[in-house]
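The block underneath contains the structure these notes are about, expressed in structure tokens.
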Amino acid sequence: MSHTDELTFDPGALSAEQIYGDACVVCHKKWPRPRVRVGRLPDGSRVLACADCAPALPRPRAAGPVAGAARRQREPELTTL
């Protein structure tokens, strides 16, 4: 996973154990130690969750064209005389 397609977590909302990867970022469980990388902190450090909580986190959106950027070409309207 590259840094551009990961969730970024605010360290101000996390405990010290969560910041250092010693507790799940979702449920705060410390044992067994969380092992699933679910995102990063602004400094690039990884954020971990337990196997039970990791699927509950949202998936980051894939980088792609801006919504509405690709407009459909309208076909010319037929006129009758």
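By convention in this document, the chains of the structure tokens carry letters A, B, ... by their order, each chain's residues are numbered from 1, and ligands are numbered from 1 in the order they are shown.
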
Fewer than 6 positions away in the same chain doesn't count, so skip those; otherwise give me all residues within 8 Å of segment 13-20 of chain A, counting only C-alpha atoms, as a compact mmCIF listing (two decimals) with N, CA, C and O atoms, in the first residue's frame.
```
# COMPACT_ATOMS: atom_id res chain seq x y z
N HIS A 28 -8.86 -0.49 20.96
CA HIS A 28 -7.84 -0.32 22.01
C HIS A 28 -7.30 -1.64 22.57
O HIS A 28 -6.56 -1.63 23.54
N VAL A 47 -0.32 2.71 11.20
CA VAL A 47 -1.38 2.57 12.19
C VAL A 47 -1.92 1.16 12.04
O VAL A 47 -2.17 0.69 10.93
N LEU A 48 -2.08 0.47 13.17
CA LEU A 48 -2.46 -0.95 13.16
C LEU A 48 -3.82 -1.18 13.81
O LEU A 48 -4.23 -0.45 14.71
```

Distance query Arg35 of chain A at most 8 Å, only C-alpha atoms, self and fewer than 3 positions along chain excluded, as a PyMOL selection string: chain A and resi 48-51

Pro42 of chain A surroundings by only C-alpha atoms, 12 Å radius, close-in-sequence under 3 positions cut, as a ChimeraX atom specification: /A:3-4,6-12,19,39,45-47
